[in-house]
>>> print(open('upload-v5.pdb').read())   # PDB, C-alpha atoms and all ligand atoms
ATOM      1  CA  MET A  24       7.965  -0.276  11.684
ATOM      2  CA  SER A  25      10.256   2.617  10.732
ATOM      3  CA  VAL A  26      11.970   2.387   7.343
ATOM      4  CA  PHE A  27      14.386   4.612   5.440
ATOM      5  CA  LEU A  28      12.781   6.764   2.737
ATOM      6  CA  CYS A  29      15.405   9.262   1.562
ATOM      7  CA  ASN A  30      18.262  11.516   2.609
ATOM      8  CA  LEU A  31      17.515  15.141   3.448
ATOM      9  CA  SER A  32      20.111  16.020   0.803
ATOM     10  CA  ASP A  33      17.950  14.270  -1.836
ATOM     11  CA  LEU A  34      15.192  16.851  -1.342
ATOM     12  CA  VAL A  35      14.835  20.078  -3.317
ATOM     13  CA  GLU A  36      13.262  23.027  -1.487
ATOM     14  CA  ASP A  37       9.534  23.466  -2.255
ATOM     15  CA  LYS A  38       9.417  20.659  -4.861
ATOM     16  CA  TRP A  39       7.356  17.484  -4.612
ATOM     17  CA  MET A  40       9.496  14.396  -5.113
ATOM     18  CA  THR A  41       8.710  10.662  -5.243
ATOM     19  CA  PHE A  42      10.418   7.927  -3.229
ATOM     20  CA  ALA A  43       9.777   4.259  -2.511
ATOM     21  CA  ALA A  44      10.409   2.973   1.006
ATOM     22  CA  ALA A  45      13.633   0.987   1.269
ATOM     23  CA  ASP A  46      11.972  -2.354   1.886
ATOM     24  CA  GLY A  47       8.620  -1.475   0.368
ATOM     25  CA  ASP A  48       6.785  -2.389  -2.802
ATOM     26  CA  GLU A  49       8.105  -0.465  -5.838
ATOM     27  CA  ASP A  50       4.494   0.469  -6.644
ATOM     28  CA  ASP A  51       3.911   1.806  -3.137
ATOM     29  CA  THR A  52       5.520   5.218  -3.357
ATOM     30  CA  TYR A  53       5.504   8.365  -1.248
ATOM     31  CA  MET A  54       5.400  12.025  -2.203
ATOM     32  CA  VAL A  55       7.735  14.264  -0.214
ATOM     33  CA  LYS A  56       8.146  18.024  -0.080
ATOM     34  CA  LYS A  57      10.593  20.060   1.997
ATOM     35  CA  GLN A  58       9.589  23.594   2.950
ATOM     36  CA  GLY A  59      12.136  25.165   5.263
ATOM     37  CA  GLU A  60      12.240  23.079   8.426
ATOM     38  CA  ASN A  61       9.087  21.147   7.477
ATOM     39  CA  ILE A  62       9.001  17.830   5.638
ATOM     40  CA  PHE A  63       5.600  16.752   4.264
ATOM     41  CA  VAL A  64       5.155  13.083   3.360
ATOM     42  CA  TYR A  65       2.006  11.470   1.933
ATOM     43  CA  ARG A  66       1.258   8.195   0.243
ATOM     44  CA  ASN A  67       1.387   8.769  -3.514
ATOM     45  CA  PHE A  68      -2.237   7.700  -3.800
ATOM     46  CA  CYS A  69      -5.218   9.888  -4.630
ATOM     47  CA  PRO A  70      -8.228   9.334  -2.317
ATOM     48  CA  HIS A  71     -10.581   9.577  -5.310
ATOM     49  CA  GLN A  72      -9.630   6.516  -7.372
ATOM     50  CA  GLY A  73      -6.196   5.649  -6.083
ATOM     51  CA  ARG A  74      -4.151   7.082  -8.935
ATOM     52  CA  ARG A  75      -0.603   8.330  -8.416
ATOM     53  CA  LEU A  76      -0.277  12.086  -7.925
ATOM     54  CA  ASP A  77       2.798  12.346 -10.161
ATOM     55  CA  TYR A  78       1.982  12.305 -13.887
ATOM     56  CA  ALA A  79       5.458  10.870 -14.580
ATOM     57  CA  PRO A  80       7.857   9.614 -11.887
ATOM     58  CA  GLY A  81       8.669  12.616  -9.685
ATOM     59  CA  GLU A  82       6.765  15.131 -11.848
ATOM     60  CA  TYR A  83       3.803  16.929 -10.250
ATOM     61  CA  LEU A  84       1.307  19.539 -11.350
ATOM     62  CA  GLU A  85       0.628  22.453  -9.013
ATOM     63  CA  THR A  86      -1.818  25.345  -8.943
ATOM     64  CA  PRO A  87      -0.407  28.905  -8.824
ATOM     65  CA  ASP A  88      -0.912  28.824  -5.035
ATOM     66  CA  LYS A  89       1.115  25.591  -4.820
ATOM     67  CA  GLN A  90      -1.630  23.026  -4.279
ATOM     68  CA  VAL A  91      -0.735  19.693  -5.848
ATOM     69  CA  VAL A  92      -3.115  18.579  -8.618
ATOM     70  CA  CYS A  93      -4.085  14.974  -9.309
ATOM     71  CA  PRO A  94      -3.413  14.427 -13.019
ATOM     72  CA  ALA A  95      -6.317  11.987 -13.367
ATOM     73  CA  HIS A  96      -9.362  14.133 -12.575
ATOM     74  CA  GLY A  97      -7.939  17.397 -11.238
ATOM     75  CA  ALA A  98      -8.440  17.162  -7.471
ATOM     76  CA  THR A  99      -6.322  19.739  -5.621
ATOM     77  CA  PHE A 100      -4.591  19.174  -2.270
ATOM     78  CA  GLN A 101      -2.993  21.517   0.264
ATOM     79  CA  THR A 102       0.660  20.858   1.039
ATOM     80  CA  GLU A 103       0.491  21.338   4.807
ATOM     81  CA  ASP A 104      -2.296  18.856   5.597
ATOM     82  CA  GLY A 105      -3.129  17.069   2.331
ATOM     83  CA  PHE A 106      -6.700  18.357   2.487
ATOM     84  CA  CYS A 107      -8.554  18.166  -0.836
ATOM     85  CA  THR A 108      -9.938  21.639  -1.571
ATOM     86  CA  ALA A 109     -11.640  20.912  -4.916
ATOM     87  CA  GLY A 110     -12.408  18.126  -7.367
ATOM     88  CA  PRO A 111     -14.228  14.803  -7.150
ATOM     89  CA  CYS A 112     -12.908  13.991  -3.638
ATOM     90  CA  ALA A 113     -13.245  17.508  -2.117
ATOM     91  CA  GLY A 114     -13.215  17.280   1.687
ATOM     92  CA  ASP A 115     -11.142  14.087   1.709
ATOM     93  CA  ALA A 116      -7.341  14.147   2.157
ATOM     94  CA  LEU A 117      -4.091  12.537   1.118
ATOM     95  CA  ARG A 118      -2.898   9.941   3.624
ATOM     96  CA  ALA A 119      -0.171  11.527   5.754
ATOM     97  CA  VAL A 120       2.729   9.377   6.864
ATOM     98  CA  THR A 121       4.439   9.636  10.247
ATOM     99  CA  THR A 122       7.962  10.857   9.632
ATOM    100  CA  GLU A 123      11.125  10.984  11.698
ATOM    101  CA  ILE A 124      14.411  12.673  10.824
ATOM    102  CA  LYS A 125      17.560  10.965  12.120
ATOM    103  CA  ASP A 126      21.121  11.755  11.056
ATOM    104  CA  ASN A 127      19.898  13.792   8.067
ATOM    105  CA  GLN A 128      17.806  10.847   6.854
ATOM    106  CA  VAL A 129      14.018  10.653   6.525
ATOM    107  CA  PHE A 130      12.340   7.577   8.000
ATOM    108  CA  ILE A 131       8.639   6.764   7.765
ATOM    109  CA  ASP A 132       6.351   4.507   9.749
ATOM    110  CA  VAL A 133       4.819   1.751   7.626
ATOM    111  CA  ASP A 134       2.464  -1.011   8.719
TER     112      ASP A 134
HETATM  113  S1  LIG A 201      -7.926   9.730  -9.094
HETATM  114 FE1  LIG A 201      -7.294  11.692  -8.394
HETATM  115  S2  LIG A 201      -8.930  13.014  -8.894
HETATM  116 FE2  LIG A 201      -9.577  11.053  -9.616
END
>>> encode(input="upload-v5.pdb", output="structure tokens", more="lines below")
Ligand code: FES
Amino acid sequence: MSVFLCNLSDLVEDKWMTFAAADGDEDDTYMVKKQGENIFVYRNFCPHQGRRLDYAPGEYLETPDKQVVCPAHGATFQTEDGFCTAGPCAGDALRAVTTEIKDNQVFIDVD
């Protein structure tokens, strides 16, 4: 099922942001980053112990080379594929979400 997540105009270039799906659970949020023509969307859920990746709503830590850092135990994840490069879940990955852009709106596939 495809549901609305956000407008393209809501996104800030090269900044992780947090959104809840329109008809989803408020606690089930998604982390979104726009880089040029690319939109990266992952579940806001660390594969280590399931903590949110934002330390406050919409606020993320990043390494100098722009990997997002889990605030709980410091796992680091690449933007382009969500791969965990270091930390307690190294080798695992954020769960990517299938995304479609229609009429300047971002839709995601949810189960
Ligand atoms: S919950 Fe993210 S590193 Fe432990």
>>> residues_near_ligand(input="upload-v5.pdb", ligand="ligand LIG 201 (chain A)", cutoff="10 Å", atoms="only C-alpha atoms and all ligand atoms", output="JSON, numbers by chain")
{"A": [68, 69, 70, 71, 72, 73, 74, 75, 76, 92, 93, 94, 95, 96, 97, 98, 99, 107, 109, 110, 111, 112, 113]}
>>> atom_distance(input="upload-v5.pdb", atom1="atom CA of Ala116 of chain A", atom2="atom CA of Val91 of chain A")
11.8 Å
>>> atom_distance(input="upload-v5.pdb", atom1="atom CA of Asp88 of chain A", atom2="atom CA of Ile131 of chain A")
27.2 Å
>>> atom_distance(input="upload-v5.pdb", atom1="atom CA of Phe63 of chain A", atom2="atom CA of Phe106 of chain A")
12.5 Å
>>> closest_residue(input="upload-v5.pdb", among="A:Ile62, A:Leu34, A:Val120, A:Val133", to="Glu103 of chain A", atoms="all atoms listed in the file")
A:Ile62
>>> closest_residue(input="upload-v5.pdb", among="A:Val55, A:Asp134, A:Ser25, A:Val35", to="Asn67 of chain A", atoms="only C-alpha atoms")
A:Val55
>>> resolve_selection(input="upload-v5.pdb", expression="the PyMOL selection byres (((chain A and resi 125-128) around 6) and not hetatm)", output="CSV table (one decimal) with C-alpha atoms, in the coordinates of the input")
chain,number,residue,atom,x,y,z
A,30,ASN,CA,18.3,11.5,2.6
A,31,LEU,CA,17.5,15.1,3.4
A,124,ILE,CA,14.4,12.7,10.8
A,129,VAL,CA,14.0,10.7,6.5
>>> residues_near_point(input="upload-v5.pdb", point="(8.8, 7.8, -1.8)", cutoff="9 Å", atoms="all atoms listed in the file", output="list of chain:residue names")
A:Leu28, A:Cys29, A:Met40, A:Thr41, A:Phe42, A:Ala43, A:Ala44, A:Ala45, A:Asp51, A:Thr52, A:Tyr53, A:Met54, A:Val55, A:Val64, A:Tyr65, A:Arg66, A:Asn67
>>> closest_residue(input="upload-v5.pdb", among="A:Ser32, A:Glu123, A:Arg118, A:Trp39", to="Pro80 of chain A", atoms="only C-alpha atoms")
A:Trp39
>>> decode(input="upload-v5.pdb", residues="segment 90-126 of chain A", atoms="N, CA, C and O atoms", output="compact mmCIF listing (two decimals), in the first residue's frame")
# COMPACT_ATOMS: atom_id res chain seq x y z
N GLN A 90 27.95 10.22 7.88
CA GLN A 90 27.22 9.00 8.25
C GLN A 90 26.34 9.35 9.44
O GLN A 90 26.76 10.08 10.36
N VAL A 91 25.12 8.82 9.46
CA VAL A 91 24.23 9.10 10.58
C VAL A 91 24.63 8.19 11.74
O VAL A 91 25.02 7.03 11.55
N VAL A 92 24.55 8.73 12.96
CA VAL A 92 25.01 8.03 14.16
C VAL A 92 23.82 7.73 15.06
O VAL A 92 23.05 8.63 15.40
N CYS A 93 23.66 6.47 15.45
CA CYS A 93 22.61 6.14 16.42
C CYS A 93 22.99 6.73 17.77
O CYS A 93 24.10 6.48 18.27
N PRO A 94 22.09 7.50 18.38
CA PRO A 94 22.44 8.15 19.64
C PRO A 94 22.50 7.18 20.82
O PRO A 94 23.04 7.53 21.87
N ALA A 95 22.00 5.97 20.64
CA ALA A 95 21.96 5.03 21.78
C ALA A 95 23.33 4.42 22.04
O ALA A 95 23.85 4.50 23.16
N HIS A 96 23.93 3.80 21.03
CA HIS A 96 25.21 3.11 21.24
C HIS A 96 26.22 3.41 20.15
O HIS A 96 27.22 2.71 20.02
N GLY A 97 25.95 4.42 19.31
CA GLY A 97 26.97 4.93 18.41
C GLY A 97 27.16 4.22 17.08
O GLY A 97 28.14 4.47 16.39
N ALA A 98 26.26 3.34 16.69
CA ALA A 98 26.39 2.71 15.37
C ALA A 98 26.33 3.79 14.29
O ALA A 98 25.60 4.78 14.43
N THR A 99 27.10 3.60 13.22
CA THR A 99 27.13 4.58 12.12
C THR A 99 26.63 3.93 10.84
O THR A 99 26.93 2.76 10.55
N PHE A 100 25.87 4.72 10.05
CA PHE A 100 25.19 4.19 8.87
C PHE A 100 25.43 5.11 7.67
O PHE A 100 25.31 6.33 7.78
N GLN A 101 25.71 4.49 6.52
CA GLN A 101 25.89 5.24 5.28
C GLN A 101 24.54 5.75 4.79
O GLN A 101 23.53 5.05 4.87
N THR A 102 24.54 6.93 4.21
CA THR A 102 23.30 7.52 3.69
C THR A 102 22.76 6.72 2.51
O THR A 102 21.56 6.43 2.46
N GLU A 103 23.63 6.37 1.56
CA GLU A 103 23.15 5.85 0.28
C GLU A 103 22.56 4.46 0.35
O GLU A 103 21.70 4.11 -0.47
N ASP A 104 22.96 3.63 1.32
CA ASP A 104 22.39 2.29 1.40
C ASP A 104 22.03 1.86 2.82
O ASP A 104 21.55 0.74 3.02
N GLY A 105 22.24 2.73 3.80
CA GLY A 105 21.88 2.41 5.18
C GLY A 105 22.81 1.40 5.83
O GLY A 105 22.55 0.97 6.97
N PHE A 106 23.89 1.04 5.15
CA PHE A 106 24.79 0.01 5.69
C PHE A 106 25.48 0.51 6.95
O PHE A 106 25.95 1.64 7.02
N CYS A 107 25.53 -0.36 7.97
CA CYS A 107 26.16 -0.01 9.24
C CYS A 107 27.65 -0.31 9.14
O CYS A 107 28.05 -1.48 9.02
N THR A 108 28.47 0.75 9.22
CA THR A 108 29.91 0.61 9.02
C THR A 108 30.67 0.35 10.32
O THR A 108 31.79 -0.14 10.28
N ALA A 109 30.07 0.69 11.47
CA ALA A 109 30.76 0.50 12.75
C ALA A 109 29.73 0.51 13.87
O ALA A 109 28.63 1.02 13.72
N GLY A 110 30.13 -0.07 15.01
CA GLY A 110 29.24 -0.10 16.17
C GLY A 110 28.73 -1.50 16.41
O GLY A 110 29.16 -2.46 15.76
N PRO A 111 27.80 -1.64 17.36
CA PRO A 111 27.37 -2.97 17.79
C PRO A 111 26.59 -3.77 16.74
O PRO A 111 26.42 -4.98 16.91
N CYS A 112 26.12 -3.12 15.68
CA CYS A 112 25.41 -3.86 14.62
C CYS A 112 26.13 -3.70 13.28
O CYS A 112 25.50 -3.72 12.21
N ALA A 113 27.47 -3.55 13.32
CA ALA A 113 28.27 -3.42 12.08
C ALA A 113 27.95 -4.56 11.13
O ALA A 113 27.86 -5.72 11.54
N GLY A 114 27.74 -4.22 9.85
CA GLY A 114 27.41 -5.22 8.84
C GLY A 114 25.92 -5.35 8.61
O GLY A 114 25.49 -5.91 7.59
N ASP A 115 25.11 -4.88 9.54
CA ASP A 115 23.66 -4.86 9.36
C ASP A 115 23.29 -3.58 8.58
O ASP A 115 24.19 -2.89 8.08
N ALA A 116 22.04 -3.23 8.50
CA ALA A 116 21.65 -2.03 7.75
C ALA A 116 20.32 -1.50 8.23
O ALA A 116 19.49 -2.26 8.77
N LEU A 117 20.11 -0.21 8.03
CA LEU A 117 18.79 0.39 8.23
C LEU A 117 17.84 -0.24 7.23
O LEU A 117 18.25 -0.68 6.15
N ARG A 118 16.56 -0.28 7.56
CA ARG A 118 15.57 -0.85 6.64
C ARG A 118 15.13 0.21 5.64
O ARG A 118 14.44 1.19 6.00
N ALA A 119 15.51 0.03 4.38
CA ALA A 119 15.12 0.97 3.33
C ALA A 119 13.64 0.81 3.01
O ALA A 119 13.06 -0.27 3.18
N VAL A 120 13.04 1.89 2.56
CA VAL A 120 11.62 1.91 2.25
C VAL A 120 11.46 2.26 0.77
O VAL A 120 12.10 3.19 0.28
N THR A 121 10.64 1.53 0.07
CA THR A 121 10.37 1.82 -1.34
C THR A 121 9.63 3.14 -1.45
O THR A 121 8.63 3.37 -0.77
N THR A 122 10.15 4.01 -2.29
CA THR A 122 9.67 5.39 -2.37
C THR A 122 9.25 5.72 -3.79
O THR A 122 9.86 5.26 -4.75
N GLU A 123 8.22 6.53 -3.90
CA GLU A 123 7.78 7.00 -5.21
C GLU A 123 7.48 8.49 -5.10
O GLU A 123 6.87 8.93 -4.11
N ILE A 124 7.92 9.25 -6.09
CA ILE A 124 7.64 10.69 -6.12
C ILE A 124 6.54 10.93 -7.15
O ILE A 124 6.67 10.55 -8.31
N LYS A 125 5.45 11.56 -6.69
CA LYS A 125 4.35 11.91 -7.60
C LYS A 125 3.90 13.33 -7.28
O LYS A 125 3.60 13.64 -6.12
N ASP A 126 3.83 14.17 -8.28
CA ASP A 126 3.34 15.54 -8.09
C ASP A 126 4.06 16.25 -6.94
O ASP A 126 3.41 16.89 -6.10
